[in-house]
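Colleague: Contents of model-v9.cif (mmCIF, C-alpha atoms) are below:
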data_upload
loop_
_atom_site.group_PDB
_atom_site.id
_atom_site.type_symbol
_atom_site.label_atom_id
_atom_site.label_comp_id
_atom_site.auth_asym_id
_atom_site.auth_seq_id
_atom_site.Cartn_x
_atom_site.Cartn_y
_atom_site.Cartn_z
ATOM 1 C CA MET A 30 6.918 9.215 29.198
ATOM 2 C CA PRO A 31 9.219 9.984 26.222
ATOM 3 C CA PRO A 32 9.320 13.561 24.926
ATOM 4 C CA PRO A 33 6.869 14.333 22.100
ATOM 5 C CA VAL A 34 7.909 13.908 18.483
ATOM 6 C CA THR A 35 8.811 17.293 16.987
ATOM 7 C CA VAL A 36 7.162 18.361 13.725
ATOM 8 C CA LEU A 37 7.973 21.150 11.254
ATOM 9 C CA VAL A 38 5.069 22.184 8.977
ATOM 10 C CA VAL A 39 6.012 23.664 5.593
ATOM 11 C CA ASP A 40 3.181 25.276 3.612
ATOM 12 C CA ASP A 41 2.626 28.708 2.088
ATOM 13 C CA HIS A 42 -1.024 28.782 3.238
ATOM 14 C CA PRO A 43 -1.528 29.839 6.886
ATOM 15 C CA VAL A 44 -4.825 27.940 7.115
ATOM 16 C CA VAL A 45 -3.007 24.665 6.368
ATOM 17 C CA ARG A 46 -0.239 25.347 8.874
ATOM 18 C CA ASP A 47 -2.798 26.234 11.553
ATOM 19 C CA GLY A 48 -4.972 23.250 10.651
ATOM 20 C CA VAL A 49 -2.136 20.748 11.029
ATOM 21 C CA SER A 50 -1.155 22.311 14.344
ATOM 22 C CA LEU A 51 -4.720 21.917 15.580
ATOM 23 C CA LEU A 52 -4.924 18.298 14.421
ATOM 24 C CA LEU A 53 -1.655 17.352 16.111
ATOM 25 C CA ARG A 54 -2.493 19.262 19.275
ATOM 26 C CA HIS A 55 -4.855 16.435 20.228
ATOM 27 C CA ASP A 56 -1.967 13.958 20.261
ATOM 28 C CA PRO A 57 0.396 14.456 23.229
ATOM 29 C CA ALA A 58 2.998 12.318 21.467
ATOM 30 C CA MET A 59 3.536 14.964 18.754
ATOM 31 C CA THR A 60 4.160 18.693 18.864
ATOM 32 C CA VAL A 61 4.609 21.300 16.133
ATOM 33 C CA VAL A 62 7.826 23.181 16.902
ATOM 34 C CA GLY A 63 7.889 25.459 13.880
ATOM 35 C CA SER A 64 6.605 26.319 10.444
ATOM 36 C CA ALA A 65 7.876 27.684 7.144
ATOM 37 C CA GLU A 66 6.242 29.252 4.071
ATOM 38 C CA THR A 67 8.936 28.586 1.453
ATOM 39 C CA GLY A 68 11.436 25.919 0.530
ATOM 40 C CA ARG A 69 14.420 28.029 1.503
ATOM 41 C CA SER A 70 13.006 28.893 4.915
ATOM 42 C CA ALA A 71 12.113 25.206 5.425
ATOM 43 C CA ILE A 72 15.725 24.192 4.816
ATOM 44 C CA ARG A 73 16.971 26.848 7.239
ATOM 45 C CA ARG A 74 14.405 25.961 9.925
ATOM 46 C CA ALA A 75 15.068 22.235 9.592
ATOM 47 C CA GLY A 76 18.763 22.847 10.230
ATOM 48 C CA GLU A 77 17.963 24.976 13.274
ATOM 49 C CA LEU A 78 15.175 22.902 14.851
ATOM 50 C CA GLU A 79 16.164 19.384 13.717
ATOM 51 C CA PRO A 80 12.561 18.110 13.826
ATOM 52 C CA ALA A 81 11.833 14.396 13.787
ATOM 53 C CA LEU A 82 9.146 14.939 11.138
ATOM 54 C CA ILE A 83 8.807 17.459 8.314
ATOM 55 C CA LEU A 84 5.376 17.848 6.718
ATOM 56 C CA LEU A 85 6.126 19.417 3.334
ATOM 57 C CA ASP A 86 3.685 20.979 0.875
ATOM 58 C CA LEU A 87 4.242 19.618 -2.643
ATOM 59 C CA ARG A 88 3.901 23.057 -4.246
ATOM 60 C CA LEU A 89 5.907 25.907 -2.773
ATOM 61 C CA PRO A 90 6.370 29.361 -4.335
ATOM 62 C CA ASP A 91 10.163 29.352 -4.591
ATOM 63 C CA MET A 92 11.419 25.785 -5.123
ATOM 64 C CA LEU A 93 10.328 22.463 -6.596
ATOM 65 C CA ALA A 94 9.511 19.835 -3.975
ATOM 66 C CA PRO A 95 12.259 17.396 -5.111
ATOM 67 C CA GLU A 96 14.859 20.140 -4.643
ATOM 68 C CA VAL A 97 13.544 20.928 -1.163
ATOM 69 C CA VAL A 98 13.507 17.241 -0.205
ATOM 70 C CA ALA A 99 17.089 16.762 -1.377
ATOM 71 C CA GLU A 100 18.288 19.808 0.593
ATOM 72 C CA LEU A 101 16.347 18.773 3.706
ATOM 73 C CA ARG A 102 17.997 15.351 3.556
ATOM 74 C CA ARG A 103 21.373 17.079 3.304
ATOM 75 C CA VAL A 104 20.971 19.534 6.206
ATOM 76 C CA HIS A 105 18.989 17.186 8.467
ATOM 77 C CA PRO A 106 19.407 13.555 7.355
ATOM 78 C CA ALA A 107 17.707 12.157 10.472
ATOM 79 C CA GLY A 108 14.405 13.948 9.746
ATOM 80 C CA ARG A 109 11.528 12.023 8.178
ATOM 81 C CA ILE A 110 9.863 13.918 5.316
ATOM 82 C CA VAL A 111 6.198 13.489 4.425
ATOM 83 C CA VAL A 112 4.858 15.344 1.388
ATOM 84 C CA PHE A 113 1.440 16.894 1.966
ATOM 85 C CA THR A 114 -0.604 17.781 -1.100
ATOM 86 C CA ALA A 115 -4.085 18.816 -2.158
ATOM 87 C CA HIS A 116 -3.485 17.401 -5.632
ATOM 88 C CA GLY A 117 -3.080 13.849 -6.857
ATOM 89 C CA ASP A 118 -0.047 15.113 -8.795
ATOM 90 C CA HIS A 119 1.496 11.795 -9.783
ATOM 91 C CA GLN A 120 4.680 13.143 -11.354
ATOM 92 C CA GLY A 121 5.342 15.618 -8.542
ATOM 93 C CA VAL A 122 4.800 12.975 -5.874
ATOM 94 C CA ARG A 123 6.992 10.457 -7.708
ATOM 95 C CA ALA A 124 9.785 13.000 -8.045
ATOM 96 C CA ALA A 125 9.576 13.911 -4.352
ATOM 97 C CA LEU A 126 9.643 10.254 -3.302
ATOM 98 C CA ASP A 127 12.563 9.549 -5.631
ATOM 99 C CA SER A 128 14.400 12.491 -4.042
ATOM 100 C CA GLY A 129 14.104 10.890 -0.612
ATOM 101 C CA ALA A 130 10.694 11.736 0.857
ATOM 102 C CA HIS A 131 9.400 9.043 3.207
ATOM 103 C CA GLY A 132 5.716 9.344 2.331
ATOM 104 C CA CYS A 133 2.924 11.366 0.787
ATOM 105 C CA LEU A 134 -0.538 12.199 2.120
ATOM 106 C CA LEU A 135 -3.470 14.125 0.699
ATOM 107 C CA LYS A 136 -4.529 17.203 2.643
ATOM 108 C CA ASP A 137 -8.081 15.958 3.155
ATOM 109 C CA VAL A 138 -6.809 13.120 5.363
ATOM 110 C CA ALA A 139 -8.677 12.855 8.667
ATOM 111 C CA GLY A 140 -6.860 13.870 11.823
ATOM 112 C CA THR A 141 -6.670 10.335 13.229
ATOM 113 C CA ASP A 142 -5.436 9.004 9.875
ATOM 114 C CA LEU A 143 -2.789 11.728 9.698
ATOM 115 C CA VAL A 144 -1.418 10.846 13.116
ATOM 116 C CA ALA A 145 -1.480 7.109 12.332
ATOM 117 C CA ALA A 146 0.360 7.673 9.041
ATOM 118 C CA LEU A 147 3.009 9.865 10.670
ATOM 119 C CA ARG A 148 3.583 7.198 13.316
ATOM 120 C CA GLN A 149 4.126 4.628 10.566
ATOM 121 C CA VAL A 150 6.698 6.895 8.913
ATOM 122 C CA LEU A 151 8.508 7.294 12.245
ATOM 123 C CA LYS A 152 8.753 3.492 12.419
ATOM 124 C CA GLY A 153 10.636 3.514 9.129
ATOM 125 C CA GLU A 154 7.746 2.676 6.792
ATOM 126 C CA ARG A 155 6.974 4.479 3.552
ATOM 127 C CA VAL A 156 3.356 5.667 3.572
ATOM 128 C CA VAL A 157 1.619 6.874 0.399
ATOM 129 C CA ASP A 158 -2.102 7.608 0.236
ATOM 130 C CA PRO A 159 -3.546 4.834 -1.996
ATOM 131 C CA ARG A 160 -5.688 7.386 -3.834
ATOM 132 C CA ILE A 161 -2.569 8.903 -5.397
ATOM 133 C CA PHE A 162 -1.520 5.739 -7.227
ATOM 134 C CA PRO A 163 -4.664 3.556 -7.421
ATOM 135 C CA ASP A 164 -3.209 1.222 -10.055
ATOM 136 C CA ASP A 165 0.281 1.121 -8.568
ATOM 137 C CA GLY A 166 0.333 -2.602 -7.831
ATOM 138 C CA GLN A 167 -0.514 -3.614 -11.383
ATOM 139 C CA ARG A 168 1.900 -1.104 -12.838
ATOM 140 C CA SER A 169 4.675 -2.210 -10.477
ATOM 141 C CA ASP A 170 4.395 -5.750 -11.850
ATOM 142 C CA ALA A 171 4.661 -4.460 -15.423
ATOM 143 C CA LEU A 172 7.591 -2.264 -14.400
ATOM 144 C CA ALA A 173 9.414 -5.219 -12.878
ATOM 145 C CA ARG A 174 8.935 -7.245 -16.067
ATOM 146 C CA SER A 175 10.216 -4.393 -18.250
ATOM 147 C CA GLY A 176 13.415 -3.910 -16.245
ATOM 148 C CA LEU A 177 12.866 -0.129 -16.151
ATOM 149 C CA THR A 178 13.775 1.760 -13.005
ATOM 150 C CA ARG A 179 11.238 4.119 -11.442
ATOM 151 C CA ARG A 180 13.171 7.114 -12.781
ATOM 152 C CA GLU A 181 13.360 5.699 -16.320
ATOM 153 C CA TYR A 182 9.641 4.980 -16.227
ATOM 154 C CA GLU A 183 8.799 8.452 -14.923
ATOM 155 C CA VAL A 184 10.841 10.186 -17.637
ATOM 156 C CA LEU A 185 9.268 7.977 -20.318
ATOM 157 C CA ARG A 186 5.772 8.645 -18.960
ATOM 158 C CA LEU A 187 6.322 12.408 -19.171
ATOM 159 C CA ALA A 188 7.653 11.986 -22.716
ATOM 160 C CA ALA A 189 4.453 10.108 -23.552
ATOM 161 C CA GLN A 190 2.517 13.161 -22.375
ATOM 162 C CA GLY A 191 4.317 15.185 -25.028
ATOM 163 C CA GLN A 192 6.874 16.885 -22.801
ATOM 164 C CA THR A 193 10.268 17.798 -24.264
ATOM 165 C CA ASN A 194 13.509 16.969 -22.443
ATOM 166 C CA PRO A 195 13.794 20.510 -20.980
ATOM 167 C CA GLU A 196 10.173 20.314 -19.789
ATOM 168 C CA ILE A 197 10.784 16.908 -18.215
ATOM 169 C CA ALA A 198 13.863 18.304 -16.484
ATOM 170 C CA GLU A 199 11.783 21.142 -15.043
ATOM 171 C CA SER A 200 8.986 18.783 -13.920
ATOM 172 C CA THR A 201 11.296 16.359 -12.139
ATOM 173 C CA GLY A 202 14.101 18.610 -10.943
ATOM 174 C CA LEU A 203 16.648 16.597 -12.941
ATOM 175 C CA ALA A 204 19.403 17.987 -15.142
ATOM 176 C CA ARG A 205 18.686 17.892 -18.888
ATOM 177 C CA ASN A 206 21.593 15.535 -19.546
ATOM 178 C CA THR A 207 20.263 13.206 -16.843
ATOM 179 C CA VAL A 208 16.839 13.165 -18.500
ATOM 180 C CA LYS A 209 18.499 12.274 -21.821
ATOM 181 C CA THR A 210 20.433 9.443 -20.143
ATOM 182 C CA TYR A 211 17.292 7.993 -18.543
ATOM 183 C CA LEU A 212 15.437 8.138 -21.873
ATOM 184 C CA GLN A 213 18.272 6.419 -23.733
ATOM 185 C CA SER A 214 18.402 3.697 -21.073
ATOM 186 C CA ALA A 215 14.621 3.200 -21.304
ATOM 187 C CA LEU A 216 14.816 2.921 -25.100
ATOM 188 C CA HIS A 217 17.565 0.314 -24.820
ATOM 189 C CA LYS A 218 15.641 -1.801 -22.279
ATOM 190 C CA LEU A 219 12.461 -1.661 -24.359
ATOM 191 C CA GLY A 220 14.305 -2.475 -27.578
ATOM 192 C CA ALA A 221 13.094 0.750 -29.180
ATOM 193 C CA ARG A 222 14.859 2.907 -31.771
ATOM 194 C CA ASN A 223 13.248 6.206 -30.767
ATOM 195 C CA ARG A 224 10.939 7.691 -28.164
ATOM 196 C CA VAL A 225 7.800 7.149 -30.266
ATOM 197 C CA GLU A 226 8.546 3.444 -30.577
ATOM 198 C CA ALA A 227 9.429 3.264 -26.862
ATOM 199 C CA ILE A 228 6.114 4.864 -25.895
ATOM 200 C CA GLY A 229 4.263 2.344 -28.080
ATOM 201 C CA LYS A 230 6.095 -0.610 -26.517
ATOM 202 C CA ALA A 231 5.594 0.721 -23.005
ATOM 203 C CA SER A 232 1.867 1.112 -23.713
ATOM 204 C CA GLU A 233 1.656 -2.474 -24.988
ATOM 205 C CA ALA A 234 3.390 -3.661 -21.799
ATOM 206 C CA GLY A 235 0.769 -1.967 -19.632
ATOM 207 C CA LEU A 236 3.100 0.749 -18.376
ATOM 208 C CA LEU A 237 1.251 3.717 -19.855
#
Would you put the structure from the file into structure tokens?
Modeller:
Amino acid sequence: MPPPVTVLVVDDHPVVRDGVSLLLRHDPAMTVVGSAETGRSAIRRAGELEPALILLDLRLPDMLAPEVVAELRRVHPAGRIVVFTAHGDHQGVRAALDSGAHGCLLKDVAGTDLVAALRQVLKGERVVDPRIFPDDGQRSDALARSGLTRREYEVLRLAAQGQTNPEIAESTGLARNTVKTYLQSALHKLGARNRVEAIGKASEAGLL
């Protein structure tokens, strides 16, 4: 029998860390080898333990999830990262996935579903709880027709919510100049002269 898959659980709530450990304890093919309460400790522990799977809370007290994901990929590129969240936080999940996370699950997932999803991720699949993006298929078609990349769309969507460039940068973990570049590219692809016109055209196209 092959050795069990090693899992690192990153969450600032002890009840969540203990709960995941209990759920995975029933599966001999997986074992929790460590835990962390912050992004910085997660990065350190991942480098030390080199777990096959990292279950990462979307909201940590010290770092944004996209930053943690990017650093985890740097220190332990072989690890598979699954974001674990209690919130259907579309923009946070998108940013984490764009930073290299391999999936996202809601914390109310049943134990058997959690194990099944983690096994899919280990096989190289991207697994995202369908409740997070219920209209994703329809929007993906509209996105393909528009020519916008996921990042351009995400920045434009946050702009449509009234966020300024600095606020978008903080939400996504991007640099302010990068946000400006994505917005300018989105405007060009939509044939818009300014962000207001771009938001209107994106809405007409079924993107917003």
Colleague: Please determine, counting all atoms listed in the file, which residue among A:Val45, A:Ile83, A:Leu51, A:Met30 has the shortest atom-to-atom distance to A:Thr141.
Modeller: A:Leu51
Colleague: Expand the PyMOL selection byres ((chain A and resi 85) around 9) into the individual residues it matches in the shown file, reporting them as a PDB file with C-alpha atoms, in the frame of the given file.
Modeller:
ATOM      1  CA  LEU A  37       7.973  21.150  11.254  1.00  0.00           C
ATOM      2  CA  VAL A  38       5.069  22.184   8.977  1.00  0.00           C
ATOM      3  CA  VAL A  39       6.012  23.664   5.593  1.00  0.00           C
ATOM      4  CA  ASP A  40       3.181  25.276   3.612  1.00  0.00           C
ATOM      5  CA  GLY A  68      11.436  25.919   0.530  1.00  0.00           C
ATOM      6  CA  ALA A  71      12.113  25.206   5.425  1.00  0.00           C
ATOM      7  CA  ILE A  83       8.807  17.459   8.314  1.00  0.00           C
ATOM      8  CA  LEU A  84       5.376  17.848   6.718  1.00  0.00           C
ATOM      9  CA  ASP A  86       3.685  20.979   0.875  1.00  0.00           C
ATOM     10  CA  LEU A  87       4.242  19.618  -2.643  1.00  0.00           C
ATOM     11  CA  ARG A  88       3.901  23.057  -4.246  1.00  0.00           C
ATOM     12  CA  LEU A  89       5.907  25.907  -2.773  1.00  0.00           C
ATOM     13  CA  ALA A  94       9.511  19.835  -3.975  1.00  0.00           C
ATOM     14  CA  VAL A  97      13.544  20.928  -1.163  1.00  0.00           C
ATOM     15  CA  VAL A  98      13.507  17.241  -0.205  1.00  0.00           C
ATOM     16  CA  ILE A 110       9.863  13.918   5.316  1.00  0.00           C
ATOM     17  CA  VAL A 111       6.198  13.489   4.425  1.00  0.00           C
ATOM     18  CA  VAL A 112       4.858  15.344   1.388  1.00  0.00           C
ATOM     19  CA  PHE A 113       1.440  16.894   1.966  1.00  0.00           C
ATOM     20  CA  THR A 114      -0.604  17.781  -1.100  1.00  0.00           C
TER      21      THR A 114
END
Colleague: Mind checking which residues fall within 8 Å of stretch 181-193 of chain A, counting all atoms listed in the file, ignoring those fewer than 5 positions away in the same chain, and posting them as a PDB file with C-alpha atoms, in the frame of the given file?
Modeller:
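Just written: part.pdb:
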ATOM      1  CA  GLN A 120       4.680  13.143 -11.354  1.00  0.00           C
ATOM      2  CA  ARG A 123       6.992  10.457  -7.708  1.00  0.00           C
ATOM      3  CA  LEU A 172       7.591  -2.264 -14.400  1.00  0.00           C
ATOM      4  CA  VAL A 208      16.839  13.165 -18.500  1.00  0.00           C
ATOM      5  CA  TYR A 211      17.292   7.993 -18.543  1.00  0.00           C
ATOM      6  CA  LEU A 212      15.437   8.138 -21.873  1.00  0.00           C
ATOM      7  CA  SER A 214      18.402   3.697 -21.073  1.00  0.00           C
ATOM      8  CA  ALA A 215      14.621   3.200 -21.304  1.00  0.00           C
ATOM      9  CA  ARG A 224      10.939   7.691 -28.164  1.00  0.00           C
ATOM     10  CA  ILE A 228       6.114   4.864 -25.895  1.00  0.00           C
ATOM     11  CA  LEU A 237       1.251   3.717 -19.855  1.00  0.00           C
TER      12      LEU A 237
END
Colleague: I want to know what sits within 6 Å of stretch 155-161 of chain A, based on all atoms listed in the file, with residues of the same chain fewer than 3 positions away left out; could you give that as a list in words?
Modeller: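 Answer for this query is Gly117, His131, Gly132, Cys133, Leu134 and Val150 of chain A.
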Colleague: Need the shell around A:Pro31: protein/DNA/RNA residues with any atom at most 12 Å away, counting all atoms listed in the file. Skip same-chain ones fewer than 4 positions apart. Format as JSON, numbers by chain?
Modeller: {"A": [35, 57, 58, 59]}
Colleague: Quick one: pull the distance between atom CA of A:Pro33 and atom CA of A:Glu96, Å, one decimal.
Modeller: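 Pair atom CA of A:Pro33 / atom CA of A:Glu96 returns 28.5 Å.
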Colleague: How many Å separate atom CA of A:Leu82 from atom CA of A:Val34?
Modeller: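 Computing the Euclidean distance for atom CA of A:Leu82 and atom CA of A:Val34 yields 7.5 Å.
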Colleague: Let me make sure I understand: among A:Arg73, A:Glu100, A:Lys136, A:His116, which one has the smallest atom-to-atom distance to A:Val44 if we use all atoms listed in the file?
Modeller: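 Of A:Arg73, A:Glu100, A:Lys136, A:His116, the one nearest A:Val44 is A:Lys136, counting all atoms listed in the file.
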Colleague: Between atom CA of A:Ala221 and atom CA of A:Gly176, what is the distance in Å, rounded to a tenth?
Modeller: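 Between these atoms lies a distance of 13.8 Å.
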Colleague: When the PyMOL selection byres ((chain A and resi 202) around 10) is applied to the structure above, which residues does it catch, written out as a ChimeraX atom specification?
Modeller: /A:92-96,121,124-125,128,196-201,203-205,208
Colleague: Which residue out of A:Ala139, A:Arg179, A:Gln213, A:Gly229 has the minimum interatomic distance to A:Leu52 when all atoms listed in the file are used?
Modeller: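 When distances to A:Leu52 are compared using all atoms listed in the file, the smallest one comes from A:Ala139.
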Colleague: My list of candidates is A:Val138, A:Ala173, A:Val104, A:Ala75. Which is closest to A:Val49 when distances are computed with all atoms listed in the file?
Modeller: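 Looking at the shortest contact to A:Val49, the residue is A:Val138.
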Colleague: Select, from A:Gly140, A:Arg180, A:His217, A:Ala81, the residue with the minimum atom-to-atom distance to A:Asp127, counting all atoms listed in the file.
Modeller: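 Smallest distance to A:Asp127 is found for A:Arg180.
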Colleague: Where's the centre, and what are the edge lengths in Å to one decimal, of a box along x, y and z enclosing all listed atoms of stretch 199-211 of chain A padded 4 Å per side, as AutoDock Vina command-line options?
Modeller:
--center_x 15.3 --center_y 14.6 --center_z -16.4 --size_x 20.6 --size_y 21.1 --size_z 18.9
